[in-house]
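These notes are about the structure you will find just below.
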Amino acid sequence: MPKKFDTNPLDPEFPEKAKAAAAQTGGQGRVYTSPQKDPYSTSEFPTRPPSVTEDETRRFGEEEFQAYSFQGSSPPVAYQPAYAGQMNRASDRKVAKTGVPEKWLVGLPYLPFWIGFVAGLILLLVIPKEENKVRFHSAQGFAAQIAIMIISAILGVVGNITDSNFGSFIFGAVTTVMMIVFAIRAWKGKPVHIEIIDDLTNWLEEKIGPIQRS
């Protein structure tokens, strides 16, 4: 019958067993015949034998790759990055309704004098809306020609009043060289942006559309 203050009332023989175990170990604690049999020890994951190593990622040879990945179909063509010179090169693609290469059409509106003015207007009336690049240069070149004509007219009036056309001559020479440079840049496929006439360019491109034939 267990006593009131026994440490383990469920096992009446616990005190005697504890004394016997202590006498057997000399008071050093529990004794186990094998450390693997210790029910209180933490289990460890099994270690991989030193001779077994993880295989490296296998790389297919060219023949294996072709046979495994593209059975019954041709493999895709390897991507070839474009060179900088090719990116800036103007397009030789012929524009719809004109049959003229794109690189020629984008440069025409920047030609000085009446050539660029007439070319820009005609292109805006003919080129479809889908041809964004050609229409942008047509509108921008046409807008630049209009601005040059207006400023030239004002300088002409001022020159007649002051009896000196030097300012008008300098302005005409500078704008002529500038428009030739713009035409060459556009022909080569390089960007041409005249920020000061952006609003007029956008308005012309939007308002002047291709003529619809009935």
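Ordering of the structure tokens sets the chain letters (A, B, ...), residue numbers begin anew at 1 in every chain, and ligands are numbered from 1 in the order given.
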
>> Which residues are close to stretch 91-102 of chain A, i.e. within 12 Å by only C-alpha atoms, leaving aside same-chain residues fewer than 4 positions away? Reply as a list in words.
In response: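 Here the answer would be Gln86, Met87, Val106, Gly107, Leu108, Ile122, Leu123, Leu125, Val126, Ile127, Pro128, Lys129, Glu130, Glu131, Asn132, Lys133, Val134, Arg135, His137, Ser138, Ala186, Trp187, Lys188, Gly189, Lys190, Pro210 and Ile211 of chain A.
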
Mind checking DSSP for stretch 142-211 of chain A and telling me the alpha helix (DSSP H) residues as a PDB file with N, CA and C atoms, in the first residue's frame?
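For reference, states_38.pdb as written:
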ATOM      1  N   PHE A 142       6.938  69.432 -91.258  1.00  0.00           N
ATOM      2  CA  PHE A 142       5.977  70.426 -91.739  1.00  0.00           C
ATOM      3  C   PHE A 142       5.831  71.566 -90.732  1.00  0.00           C
ATOM      4  N   ALA A 143       5.767  71.211 -89.434  1.00  0.00           N
ATOM      5  CA  ALA A 143       5.668  72.232 -88.388  1.00  0.00           C
ATOM      6  C   ALA A 143       6.918  73.107 -88.362  1.00  0.00           C
ATOM      7  N   ALA A 144       8.086  72.494 -88.527  1.00  0.00           N
ATOM      8  CA  ALA A 144       9.326  73.273 -88.546  1.00  0.00           C
ATOM      9  C   ALA A 144       9.354  74.231 -89.735  1.00  0.00           C
ATOM     10  N   GLN A 145       8.871  73.768 -90.885  1.00  0.00           N
ATOM     11  CA  GLN A 145       8.841  74.639 -92.064  1.00  0.00           C
ATOM     12  C   GLN A 145       7.903  75.819 -91.842  1.00  0.00           C
ATOM     13  N   ILE A 146       6.763  75.579 -91.211  1.00  0.00           N
ATOM     14  CA  ILE A 146       5.816  76.668 -90.922  1.00  0.00           C
ATOM     15  C   ILE A 146       6.443  77.688 -89.979  1.00  0.00           C
ATOM     16  N   ALA A 147       7.107  77.184 -88.908  1.00  0.00           N
ATOM     17  CA  ALA A 147       7.735  78.092 -87.939  1.00  0.00           C
ATOM     18  C   ALA A 147       8.831  78.923 -88.608  1.00  0.00           C
ATOM     19  N   ILE A 148       9.619  78.294 -89.469  1.00  0.00           N
ATOM     20  CA  ILE A 148      10.702  79.023 -90.156  1.00  0.00           C
ATOM     21  C   ILE A 148      10.123  80.100 -91.068  1.00  0.00           C
ATOM     22  N   MET A 149       9.044  79.776 -91.777  1.00  0.00           N
ATOM     23  CA  MET A 149       8.430  80.767 -92.671  1.00  0.00           C
ATOM     24  C   MET A 149       7.872  81.955 -91.899  1.00  0.00           C
ATOM     25  N   ILE A 150       7.231  81.673 -90.767  1.00  0.00           N
ATOM     26  CA  ILE A 150       6.662  82.766 -89.970  1.00  0.00           C
ATOM     27  C   ILE A 150       7.765  83.678 -89.443  1.00  0.00           C
ATOM     28  N   ILE A 151       8.822  83.072 -88.876  1.00  0.00           N
ATOM     29  CA  ILE A 151       9.914  83.880 -88.332  1.00  0.00           C
ATOM     30  C   ILE A 151      10.635  84.641 -89.453  1.00  0.00           C
ATOM     31  N   SER A 152      10.813  84.007 -90.603  1.00  0.00           N
ATOM     32  CA  SER A 152      11.466  84.678 -91.740  1.00  0.00           C
ATOM     33  C   SER A 152      10.643  85.874 -92.205  1.00  0.00           C
ATOM     34  N   ALA A 153       9.308  85.722 -92.209  1.00  0.00           N
ATOM     35  CA  ALA A 153       8.449  86.832 -92.607  1.00  0.00           C
ATOM     36  C   ALA A 153       8.566  87.998 -91.634  1.00  0.00           C
ATOM     37  N   ILE A 154       8.598  87.690 -90.347  1.00  0.00           N
ATOM     38  CA  ILE A 154       8.736  88.745 -89.330  1.00  0.00           C
ATOM     39  C   ILE A 154      10.079  89.460 -89.476  1.00  0.00           C
ATOM     40  N   LEU A 155      11.143  88.666 -89.649  1.00  0.00           N
ATOM     41  CA  LEU A 155      12.461  89.276 -89.830  1.00  0.00           C
ATOM     42  C   LEU A 155      12.531  90.095 -91.117  1.00  0.00           C
ATOM     43  N   GLY A 156      11.803  89.640 -92.150  1.00  0.00           N
ATOM     44  CA  GLY A 156      11.774  90.408 -93.397  1.00  0.00           C
ATOM     45  C   GLY A 156      11.130  91.770 -93.199  1.00  0.00           C
ATOM     46  N   VAL A 157      10.027  91.792 -92.439  1.00  0.00           N
ATOM     47  CA  VAL A 157       9.365  93.063 -92.162  1.00  0.00           C
ATOM     48  C   VAL A 157      10.275  93.982 -91.351  1.00  0.00           C
ATOM     49  N   VAL A 158      10.919  93.392 -90.340  1.00  0.00           N
ATOM     50  CA  VAL A 158      11.846  94.184 -89.519  1.00  0.00           C
ATOM     51  C   VAL A 158      13.006  94.697 -90.372  1.00  0.00           C
ATOM     52  N   GLY A 159      13.491  93.875 -91.285  1.00  0.00           N
ATOM     53  CA  GLY A 159      14.585  94.290 -92.167  1.00  0.00           C
ATOM     54  C   GLY A 159      14.189  95.430 -93.079  1.00  0.00           C
ATOM     55  N   ASN A 160      12.934  95.403 -93.585  1.00  0.00           N
ATOM     56  CA  ASN A 160      12.470  96.502 -94.441  1.00  0.00           C
ATOM     57  C   ASN A 160      12.346  97.809 -93.649  1.00  0.00           C
ATOM     58  N   ILE A 161      11.928  97.687 -92.404  1.00  0.00           N
ATOM     59  CA  ILE A 161      11.790  98.886 -91.576  1.00  0.00           C
ATOM     60  C   ILE A 161      13.156  99.471 -91.235  1.00  0.00           C
ATOM     61  N   THR A 162      14.098  98.610 -90.881  1.00  0.00           N
ATOM     62  CA  THR A 162      15.437  99.062 -90.466  1.00  0.00           C
ATOM     63  C   THR A 162      16.392  99.192 -91.646  1.00  0.00           C
ATOM     64  N   PHE A 166      20.309  91.771 -92.590  1.00  0.00           N
ATOM     65  CA  PHE A 166      21.372  90.908 -92.058  1.00  0.00           C
ATOM     66  C   PHE A 166      20.798  89.823 -91.147  1.00  0.00           C
ATOM     67  N   GLY A 167      19.854  90.213 -90.263  1.00  0.00           N
ATOM     68  CA  GLY A 167      19.255  89.224 -89.352  1.00  0.00           C
ATOM     69  C   GLY A 167      18.511  88.148 -90.112  1.00  0.00           C
ATOM     70  N   SER A 168      17.776  88.548 -91.125  1.00  0.00           N
ATOM     71  CA  SER A 168      17.034  87.572 -91.921  1.00  0.00           C
ATOM     72  C   SER A 168      17.987  86.629 -92.657  1.00  0.00           C
ATOM     73  N   PHE A 169      19.094  87.173 -93.137  1.00  0.00           N
ATOM     74  CA  PHE A 169      20.073  86.338 -93.851  1.00  0.00           C
ATOM     75  C   PHE A 169      20.706  85.306 -92.913  1.00  0.00           C
ATOM     76  N   ILE A 170      21.106  85.746 -91.722  1.00  0.00           N
ATOM     77  CA  ILE A 170      21.716  84.822 -90.753  1.00  0.00           C
ATOM     78  C   ILE A 170      20.725  83.733 -90.346  1.00  0.00           C
ATOM     79  N   PHE A 171      19.491  84.131 -90.081  1.00  0.00           N
ATOM     80  CA  PHE A 171      18.470  83.148 -89.690  1.00  0.00           C
ATOM     81  C   PHE A 171      18.237  82.140 -90.810  1.00  0.00           C
ATOM     82  N   GLY A 172      18.171  82.605 -92.035  1.00  0.00           N
ATOM     83  CA  GLY A 172      17.960  81.699 -93.159  1.00  0.00           C
ATOM     84  C   GLY A 172      19.106  80.724 -93.344  1.00  0.00           C
ATOM     85  N   ALA A 173      20.334  81.197 -93.162  1.00  0.00           N
ATOM     86  CA  ALA A 173      21.496  80.315 -93.320  1.00  0.00           C
ATOM     87  C   ALA A 173      21.529  79.250 -92.227  1.00  0.00           C
ATOM     88  N   VAL A 174      21.269  79.691 -90.987  1.00  0.00           N
ATOM     89  CA  VAL A 174      21.307  78.741 -89.861  1.00  0.00           C
ATOM     90  C   VAL A 174      20.217  77.682 -89.995  1.00  0.00           C
ATOM     91  N   THR A 175      19.009  78.098 -90.295  1.00  0.00           N
ATOM     92  CA  THR A 175      17.910  77.133 -90.399  1.00  0.00           C
ATOM     93  C   THR A 175      18.089  76.196 -91.598  1.00  0.00           C
ATOM     94  N   THR A 176      18.686  76.674 -92.659  1.00  0.00           N
ATOM     95  CA  THR A 176      18.938  75.804 -93.809  1.00  0.00           C
ATOM     96  C   THR A 176      19.893  74.678 -93.443  1.00  0.00           C
ATOM     97  N   VAL A 177      20.986  75.024 -92.789  1.00  0.00           N
ATOM     98  CA  VAL A 177      21.953  74.005 -92.353  1.00  0.00           C
ATOM     99  C   VAL A 177      21.300  73.056 -91.351  1.00  0.00           C
ATOM    100  N   MET A 178      20.526  73.623 -90.425  1.00  0.00           N
ATOM    101  CA  MET A 178      19.868  72.801 -89.401  1.00  0.00           C
ATOM    102  C   MET A 178      18.911  71.790 -90.030  1.00  0.00           C
ATOM    103  N   MET A 179      18.107  72.210 -90.994  1.00  0.00           N
ATOM    104  CA  MET A 179      17.151  71.298 -91.616  1.00  0.00           C
ATOM    105  C   MET A 179      17.840  70.220 -92.442  1.00  0.00           C
ATOM    106  N   ILE A 180      18.955  70.555 -93.062  1.00  0.00           N
ATOM    107  CA  ILE A 180      19.714  69.540 -93.803  1.00  0.00           C
ATOM    108  C   ILE A 180      20.261  68.486 -92.843  1.00  0.00           C
ATOM    109  N   VAL A 181      20.747  68.933 -91.690  1.00  0.00           N
ATOM    110  CA  VAL A 181      21.241  67.986 -90.687  1.00  0.00           C
ATOM    111  C   VAL A 181      20.111  67.087 -90.202  1.00  0.00           C
ATOM    112  N   PHE A 182      18.933  67.664 -89.949  1.00  0.00           N
ATOM    113  CA  PHE A 182      17.788  66.863 -89.513  1.00  0.00           C
ATOM    114  C   PHE A 182      17.396  65.832 -90.573  1.00  0.00           C
ATOM    115  N   ALA A 183      17.426  66.228 -91.834  1.00  0.00           N
ATOM    116  CA  ALA A 183      17.071  65.303 -92.916  1.00  0.00           C
ATOM    117  C   ALA A 183      18.039  64.130 -92.966  1.00  0.00           C
ATOM    118  N   ILE A 184      19.324  64.403 -92.802  1.00  0.00           N
ATOM    119  CA  ILE A 184      20.333  63.332 -92.836  1.00  0.00           C
ATOM    120  C   ILE A 184      20.173  62.405 -91.639  1.00  0.00           C
ATOM    121  N   ARG A 185      19.929  62.971 -90.464  1.00  0.00           N
ATOM    122  CA  ARG A 185      19.743  62.142 -89.266  1.00  0.00           C
ATOM    123  C   ARG A 185      18.514  61.244 -89.409  1.00  0.00           C
ATOM    124  N   ALA A 186      17.429  61.809 -89.909  1.00  0.00           N
ATOM    125  CA  ALA A 186      16.225  60.996 -90.092  1.00  0.00           C
ATOM    126  C   ALA A 186      16.460  59.902 -91.123  1.00  0.00           C
ATOM    127  N   TRP A 187      17.162  60.222 -92.193  1.00  0.00           N
ATOM    128  CA  TRP A 187      17.466  59.225 -93.230  1.00  0.00           C
ATOM    129  C   TRP A 187      18.310  58.082 -92.680  1.00  0.00           C
ATOM    130  N   ASP A 198       6.596  70.836 -80.361  1.00  0.00           N
ATOM    131  CA  ASP A 198       5.870  69.598 -80.048  1.00  0.00           C
ATOM    132  C   ASP A 198       4.364  69.774 -80.183  1.00  0.00           C
ATOM    133  N   ASP A 199       3.840  70.856 -79.638  1.00  0.00           N
ATOM    134  CA  ASP A 199       2.380  71.060 -79.673  1.00  0.00           C
ATOM    135  C   ASP A 199       1.875  71.175 -81.108  1.00  0.00           C
ATOM    136  N   LEU A 200       2.584  71.946 -81.924  1.00  0.00           N
ATOM    137  CA  LEU A 200       2.169  72.093 -83.321  1.00  0.00           C
ATOM    138  C   LEU A 200       2.302  70.778 -84.080  1.00  0.00           C
ATOM    139  N   THR A 201       3.365  70.032 -83.784  1.00  0.00           N
ATOM    140  CA  THR A 201       3.560  68.728 -84.439  1.00  0.00           C
ATOM    141  C   THR A 201       2.420  67.783 -84.129  1.00  0.00           C
ATOM    142  N   ASN A 202       2.065  67.680 -82.848  1.00  0.00           N
ATOM    143  CA  ASN A 202       0.977  66.777 -82.451  1.00  0.00           C
ATOM    144  C   ASN A 202      -0.357  67.219 -83.056  1.00  0.00           C
ATOM    145  N   TRP A 203      -0.584  68.523 -83.123  1.00  0.00           N
ATOM    146  CA  TRP A 203      -1.846  69.022 -83.682  1.00  0.00           C
ATOM    147  C   TRP A 203      -1.938  68.702 -85.176  1.00  0.00           C
ATOM    148  N   LEU A 204      -0.855  68.925 -85.891  1.00  0.00           N
ATOM    149  CA  LEU A 204      -0.861  68.650 -87.331  1.00  0.00           C
ATOM    150  C   LEU A 204      -1.038  67.161 -87.612  1.00  0.00           C
ATOM    151  N   GLU A 205      -0.359  66.327 -86.844  1.00  0.00           N
ATOM    152  CA  GLU A 205      -0.458  64.880 -87.056  1.00  0.00           C
ATOM    153  C   GLU A 205      -1.868  64.383 -86.782  1.00  0.00           C
ATOM    154  N   GLU A 206      -2.544  65.002 -85.820  1.00  0.00           N
ATOM    155  CA  GLU A 206      -3.890  64.572 -85.462  1.00  0.00           C
ATOM    156  C   GLU A 206      -4.934  65.109 -86.434  1.00  0.00           C
ATOM    157  N   LYS A 207      -4.788  66.371 -86.840  1.00  0.00           N
ATOM    158  CA  LYS A 207      -5.820  67.011 -87.640  1.00  0.00           C
ATOM    159  C   LYS A 207      -5.718  66.696 -89.134  1.00  0.00           C
TER     160      LYS A 207
END

>> Measuring between only C-alpha atoms, which one of A:Ile115, A:Ala23, A:Leu124, A:Ala18 shows the shortest distance to A:Phe136?
In response: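 Closest to A:Phe136, using only C-alpha atoms: A:Leu124.
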
> Looking at only C-alpha atoms, which of A:Val192, A:Asp163, A:Glu16, A:Ala22 is the one that sits closest to A:Pro109?
Replying inline: A:Val192

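The nearest approach to A:Ile197 among the residues A:Asn165, A:Leu105, A:Gly209, A:Gln140, with only C-alpha atoms taken into account, belongs to A:Gln140.
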
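Atom to atom, atom CA of A:Val118 and atom CA of A:Ile196 stand 21.3 Å apart.
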
>> Report, in Å to a single decimal, how far apart atom CA of A:Ala139 and atom CA of A:Ala119 are.
In response: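 Atom CA of A:Ala119 sits 10.2 Å away from atom CA of A:Ala139.
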
>> One decimal, in Å: what's the spacing between atom CA of A:Leu111 and atom CA of A:Gly141?
In response: 8.3 Å
